[in-house]
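Visitor: The following file, structure-v4.cif, comprises mmCIF, C-alpha atoms:
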```cif
data_data
#
loop_
_atom_site.label_atom_id
_atom_site.label_comp_id
_atom_site.auth_asym_id
_atom_site.auth_seq_id
_atom_site.Cartn_x
_atom_site.Cartn_y
_atom_site.Cartn_z
CA MET L 1 122.74 -9.95 106.78
CA ALA L 2 122.35 -6.95 109.02
CA LYS L 3 125.14 -4.45 108.97
CA GLY L 4 125.71 -1.94 111.75
CA PHE L 5 128.21 -0.14 113.86
CA PHE L 6 129.32 0.26 117.41
CA ARG L 7 131.90 2.93 116.67
CA TRP L 8 130.26 5.67 118.67
CA ILE L 9 131.92 9.05 119.29
CA GLN L 10 130.17 10.66 122.23
CA ALA L 11 130.02 14.00 123.97
CA PRO L 12 133.76 14.80 124.46
CA LEU L 13 134.33 15.25 120.72
CA ALA L 14 131.07 17.08 120.16
CA GLY L 15 131.71 19.24 123.22
CA ALA L 16 135.10 20.30 121.89
CA VAL L 17 133.49 21.42 118.65
CA LEU L 18 130.70 23.30 120.38
CA LEU L 19 133.18 25.11 122.60
CA ALA L 20 134.84 26.42 119.44
CA GLY L 21 131.64 28.36 118.78
CA LEU L 22 130.89 26.69 115.44
CA PRO L 23 127.97 24.54 114.35
CA PHE L 24 129.07 20.93 114.28
CA SER L 25 128.71 20.61 110.49
CA ALA L 26 130.75 23.75 109.89
CA ALA L 27 133.55 22.63 112.18
CA VAL L 28 134.03 19.25 110.53
CA ASN L 29 133.96 20.80 107.06
CA GLY L 30 136.47 23.56 107.64
CA GLY L 31 133.87 26.24 108.40
CA ALA L 32 131.58 25.55 105.45
CA PRO L 33 128.22 24.33 106.73
CA GLY L 34 125.94 22.12 104.69
CA LYS L 35 128.59 20.56 102.43
CA SER L 36 129.84 17.00 101.97
CA ASP L 37 133.19 16.16 103.47
CA GLU L 38 136.40 16.77 101.50
CA ARG L 39 136.02 13.39 99.75
CA GLY L 40 132.57 14.35 98.48
CA ILE L 41 130.90 11.68 100.64
CA PRO L 42 127.49 12.72 102.02
CA TRP L 43 126.65 12.75 105.71
CA TRP L 44 123.42 13.32 107.61
CA GLU L 45 122.26 15.32 110.58
CA VAL L 46 120.04 13.10 112.73
CA ARG L 47 117.30 14.33 115.06
CA LEU L 48 115.36 11.79 117.13
CA THR L 49 112.47 12.82 119.37
CA VAL L 50 110.48 10.52 121.66
CA ALA L 51 107.30 11.44 123.57
CA ALA L 52 105.38 9.09 125.86
CA GLU L 53 102.65 8.87 128.47
CA GLY L 54 102.54 5.93 130.85
CA LYS L 55 101.08 4.34 133.96
CA TYR L 56 102.09 1.70 136.49
CA VAL L 57 100.25 -0.09 139.30
CA LEU L 58 101.86 -2.14 142.10
CA ARG L 59 99.79 -4.32 144.45
CA GLY L 60 100.70 -6.62 147.31
CA ASP L 61 102.51 -4.42 149.85
CA GLY L 62 99.80 -2.54 151.72
CA PRO L 63 97.72 -0.05 149.72
CA SER L 64 98.21 -0.26 145.97
CA VAL L 65 100.47 2.31 144.32
CA THR L 66 99.57 3.99 141.03
CA GLY L 67 101.87 6.24 139.06
CA PHE L 68 101.40 8.36 135.95
CA TYR L 69 104.17 9.92 133.89
CA SER L 70 104.82 11.87 130.72
CA LEU L 71 108.09 12.60 128.98
CA GLU L 72 109.60 14.12 125.89
CA ALA L 73 113.26 13.71 124.96
CA GLY L 74 115.46 14.63 122.03
CA TRP L 75 118.72 13.38 120.57
CA GLU L 76 120.86 15.10 117.94
CA GLY L 77 123.92 13.85 116.15
CA ARG L 78 125.65 13.07 112.87
CA LEU L 79 125.64 9.94 110.73
CA GLU L 80 128.26 9.26 108.09
CA PRO L 81 129.21 6.23 105.96
CA ASP L 82 132.04 4.03 107.22
CA ALA L 83 132.72 1.27 104.67
CA GLU L 84 129.56 -0.88 104.78
CA ASP L 85 128.50 0.54 108.13
CA PHE L 86 127.93 3.96 109.67
CA LEU L 87 129.81 6.16 112.09
CA LEU L 88 127.57 7.90 114.66
CA VAL L 89 128.56 11.08 116.48
CA GLN L 90 126.44 12.24 119.39
CA ILE L 91 126.13 16.02 119.67
CA LYS L 92 123.58 16.25 122.46
CA THR L 93 120.75 14.50 124.24
CA GLU L 94 118.21 16.43 126.28
CA LEU L 95 115.13 15.82 128.40
CA LEU L 96 112.48 18.31 127.29
CA GLU L 97 109.76 17.17 129.68
CA TRP L 98 109.59 14.77 132.61
CA ARG L 99 106.68 14.44 135.04
CA LEU L 100 105.94 11.50 137.33
CA ARG L 101 103.17 11.58 139.94
CA GLU L 102 102.52 8.65 142.26
CA GLY L 103 99.58 8.09 144.60
CA SER L 104 98.73 5.50 147.26
CA GLY L 105 95.88 5.03 149.72
CA PRO L 106 92.08 5.26 149.66
CA ALA L 107 90.38 7.87 147.46
CA GLY L 108 90.17 11.21 149.21
CA ARG L 109 92.95 10.33 151.65
CA GLU L 110 95.70 9.21 149.29
CA THR L 111 99.26 10.40 149.64
CA VAL L 112 100.86 11.81 146.50
CA LEU L 113 104.55 11.97 145.60
CA GLU L 114 106.19 13.81 142.71
CA ALA L 115 109.34 12.38 141.14
CA PRO L 116 112.53 14.35 141.84
CA ASP L 117 114.54 15.79 138.98
CA SER L 118 117.09 12.99 139.38
CA PRO L 119 117.19 10.20 138.47
CA SER L 120 115.39 10.92 135.22
CA PRO L 121 115.21 9.34 131.76
CA ALA L 122 118.06 9.91 129.31
CA LEU L 123 117.57 9.25 125.60
CA HIS L 124 120.36 7.22 124.01
CA LEU L 125 120.62 6.25 120.35
CA ILE L 126 122.48 3.00 120.89
CA TYR L 127 122.83 1.70 117.33
CA VAL L 128 121.97 2.15 113.67
CA LEU L 129 121.76 -1.02 111.58
CA LYS L 130 121.51 -1.35 107.82
CA ASP L 131 119.63 -4.52 106.93
CA GLY L 132 119.00 -4.97 103.23
CA HIS L 133 117.15 -1.88 102.02
CA GLU L 134 116.22 -0.69 105.53
CA VAL L 135 118.01 1.37 108.17
CA GLU L 136 116.99 0.69 111.78
CA PHE L 137 117.49 3.03 114.74
CA GLY L 138 117.77 1.53 118.21
CA PHE L 139 117.19 3.75 121.26
CA ASP L 140 116.42 3.44 124.94
CA LEU L 141 115.72 5.80 127.84
CA GLY L 142 117.57 4.07 130.67
CA GLU L 143 115.98 2.77 133.88
CA ILE L 144 114.26 4.28 136.90
CA ALA L 145 113.13 2.30 139.94
CA VAL L 146 109.53 2.48 141.19
CA PRO L 147 107.65 2.96 143.43
CA LEU L 148 109.01 6.28 144.68
CA ARG L 149 107.97 5.49 148.28
CA PRO L 150 109.62 2.81 150.48
CA SER L 151 108.40 -0.64 149.49
CA SER L 152 109.25 -4.32 149.90
CA LEU L 153 109.46 -4.50 146.12
CA THR L 154 111.01 -2.14 143.60
CA VAL L 155 110.92 -2.74 139.85
CA PRO L 156 112.36 -0.94 136.82
CA LEU L 157 109.94 1.49 135.24
CA GLU L 158 109.59 0.18 131.70
CA LEU L 159 110.28 3.18 129.49
CA PRO L 160 109.96 3.18 125.68
CA ARG L 161 112.64 1.54 123.59
CA SER L 162 112.98 0.46 119.98
CA SER L 163 115.30 -2.46 120.68
CA GLY L 164 115.15 -5.74 122.57
CA ARG L 165 112.97 -8.81 122.04
CA ALA L 166 111.76 -8.84 125.67
CA TYR L 167 110.21 -5.38 125.24
CA ARG L 168 108.89 -6.03 121.73
CA ASP L 169 106.91 -9.07 122.92
CA PHE L 170 104.58 -6.75 124.89
CA VAL L 171 103.87 -4.21 122.16
CA CYS L 172 100.10 -4.51 121.76
CA ARG L 173 99.44 -1.92 119.06
CA GLY L 174 101.65 -0.65 116.25
CA SER L 175 105.36 -1.53 116.08
CA ASN L 176 108.33 -0.25 118.04
CA ARG L 177 110.70 -0.86 115.13
CA VAL L 178 112.04 2.55 114.14
CA VAL L 179 113.00 1.79 110.55
CA ILE L 180 113.38 3.98 107.47
CA PRO L 181 113.86 2.87 103.86
CA GLU L 182 117.40 3.14 102.58
CA SER L 183 116.08 5.46 99.86
CA ASP L 184 115.48 8.14 102.53
CA LEU L 185 119.26 8.64 102.63
CA GLU L 186 119.03 10.06 99.11
CA GLU L 187 116.43 12.67 100.11
CA ARG L 188 117.28 16.18 101.31
CA SER L 189 115.23 16.27 104.53
CA PRO L 190 113.21 13.09 105.10
CA GLU L 191 111.13 12.67 108.26
CA ARG L 192 109.41 9.54 109.54
CA ARG L 193 106.93 9.17 112.41
CA PHE L 194 106.26 6.07 114.52
CA ALA L 195 103.71 5.19 117.21
CA TRP L 196 102.96 2.19 119.40
CA GLU L 197 101.37 1.03 122.63
CA TRP L 198 102.98 -1.29 125.17
CA ARG L 199 101.35 -3.23 128.06
CA SER L 200 102.67 -5.73 130.62
CA GLU L 201 101.27 -7.57 133.65
CA GLU L 202 103.35 -9.83 135.87
CA GLN L 203 103.29 -11.57 139.23
CA ILE L 204 106.48 -11.46 141.30
CA LEU L 205 107.09 -13.68 144.35
CA ARG L 206 109.29 -12.12 147.01
CA LYS L 207 109.88 -13.71 150.42
CA GLY L 208 106.73 -15.80 150.18
CA ARG L 209 104.54 -12.86 149.14
CA ALA L 210 102.93 -12.27 145.77
CA PHE L 211 103.18 -8.85 144.14
CA PHE L 212 101.31 -7.79 141.02
CA VAL L 213 102.80 -5.24 138.65
CA GLU L 214 101.03 -3.61 135.73
CA GLN L 215 102.77 -1.19 133.38
CA GLY L 216 101.88 0.45 130.11
CA HIS L 217 102.64 3.42 127.88
CA THR L 218 101.90 5.01 124.52
CA VAL L 219 104.75 6.33 122.41
CA LYS L 220 105.31 8.72 119.51
CA ALA L 221 108.76 8.91 117.92
CA THR L 222 110.15 10.93 115.03
CA VAL L 223 113.35 10.50 113.05
CA ALA L 224 114.39 13.47 110.91
CA LEU L 225 117.46 13.57 108.67
CA THR L 226 119.17 16.37 106.80
CA ARG L 227 121.50 15.29 104.02
CA HIS L 228 124.74 17.19 103.41
#
```
Let me see the file written as structure tokens.

Guide:
Amino acid sequence: MAKGFFRWIQAPLAGAVLLAGLPFSAAVNGGAPGKSDERGIPWWEVRLTVAAEGKYVLRGDGPSVTGFYSLEAGWEGRLEPDAEDFLLVQIKTELLEWRLREGSGPAGRETVLEAPDSPSPALHLIYVLKDGHEVEFGFDLGEIAVPLRPSSLTVPLELPRSSGRAYRDFVCRGSNRVVIPESDLEERSPERRFAWEWRSEEQILRKGRAFFVEQGHTVKATVALTRH
């Protein structure tokens, strides 16, 4: 049976530690970085990075709309044992790169829009589950509505995620399961890389009109741990 946690300490705790001017590991260990806690129980620094390039096409409301985007995001935190589960502490999440360019109209006379800084993707590590001899990391990047221009139809831009059956059904190459062997927790600094491709096509009926939506992206993700 899968074991996991939803006890998630977020930014307020981490922020208080960072304001003290100490690295997070030093603060929780009385100023001694890189050591187990006072009970001798190990804990792990967690660094998750996600990079992606994607495209979407919307047809059915005047000229078709095509968008291209690229992103890179990072998440850092702490993982520690909590009975049979884990306790996850978020230290920070940051968007390292975000570009979205959308065009519409005939070639040579198309209008082009660039995505504003906000709203933008935000990387969230939403769970860690221990299932047998595996540890699974579940993340998402939130939602953004497209197209950027006024339209009779707006849809969520499908951004990479490692959770959810509805998303997983459209993974066409590789696997979006971000899973490490339990034995990695015994290593000093293990690192695992993952890659997949996702594609979706759908027809949406809205007020008697048919719209066609195509979306797709390629993803590279990395999970790096440091054992203390």

Visitor: Taking the file as shown, find all residues satisfying the PyMOL selection byres ((chain L and resi 143) around 10) and write them as a PyMOL selection string.

Guide: chain L and resi 119-122+140-142+144-146+155-159

Visitor: Compare L:Val57, L:Leu79, L:Ala115, L:Val135 by their minimum atom-to-atom distance to Trp43 in chain L, counting all atoms listed in the file, and give me the closest one.

Guide: L:Leu79

Visitor: What would the selection look like, as a PyMOL selection string, if the PyMOL selection byres ((chain L and resi 214) around 6) were run on the coordinates I just shared?

Guide: chain L and resi 56-57+200-201+213+215

Visitor: So that I can see what lies close to range 97-111 of chain L, please list as JSON, numbers by chain the residues with an atom at most 12 Å from it, counting only C-alpha atoms and leaving out residues fewer than 2 positions away in the same chain.

Guide: {"L": [49, 50, 51, 52, 53, 54, 55, 56, 57, 58, 59, 61, 62, 63, 64, 65, 66, 67, 68, 69, 70, 71, 72, 73, 74, 94, 95, 113, 114, 115, 116, 117, 118, 119, 120, 121, 122, 123, 141, 144, 145, 146, 147, 148, 149, 150, 151, 157]}

Visitor: To one decimal place in Å, what is the distance between CA of Thr218 in chain L and CA of Gln90 in chain L?

Guide: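 These two atoms are separated by 26.1 Å.
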
Visitor: Check the smallest atom-to-atom distance from each of L:Gly208, L:Pro42, L:Gly138, L:Pro81 to Val179 in chain L using all atoms listed in the file, then report the winner.

Guide: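 Ranked by minimum distance to Val179 in chain L, first place goes to L:Gly138.
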
Visitor: As an exercise, work out the distance from CA of Tyr127 in chain L to CA of Phe86 in chain L in Å and give it to one decimal place.

Guide: 9.5 Å

Visitor: Using all atoms listed in the file, which of the listed residues (L:Glu136, L:Glu187, L:Asp131, L:Glu45) sits closest to Ile91 in chain L?

Guide: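 Selected residue with least distance to Ile91 in chain L: L:Glu45.
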
Visitor: So which one's closest to Lys130 in chain L, L:Ala224, L:Leu87, L:Cys172, L:Val219? Using only C-alpha atoms, please.

Guide: L:Leu87
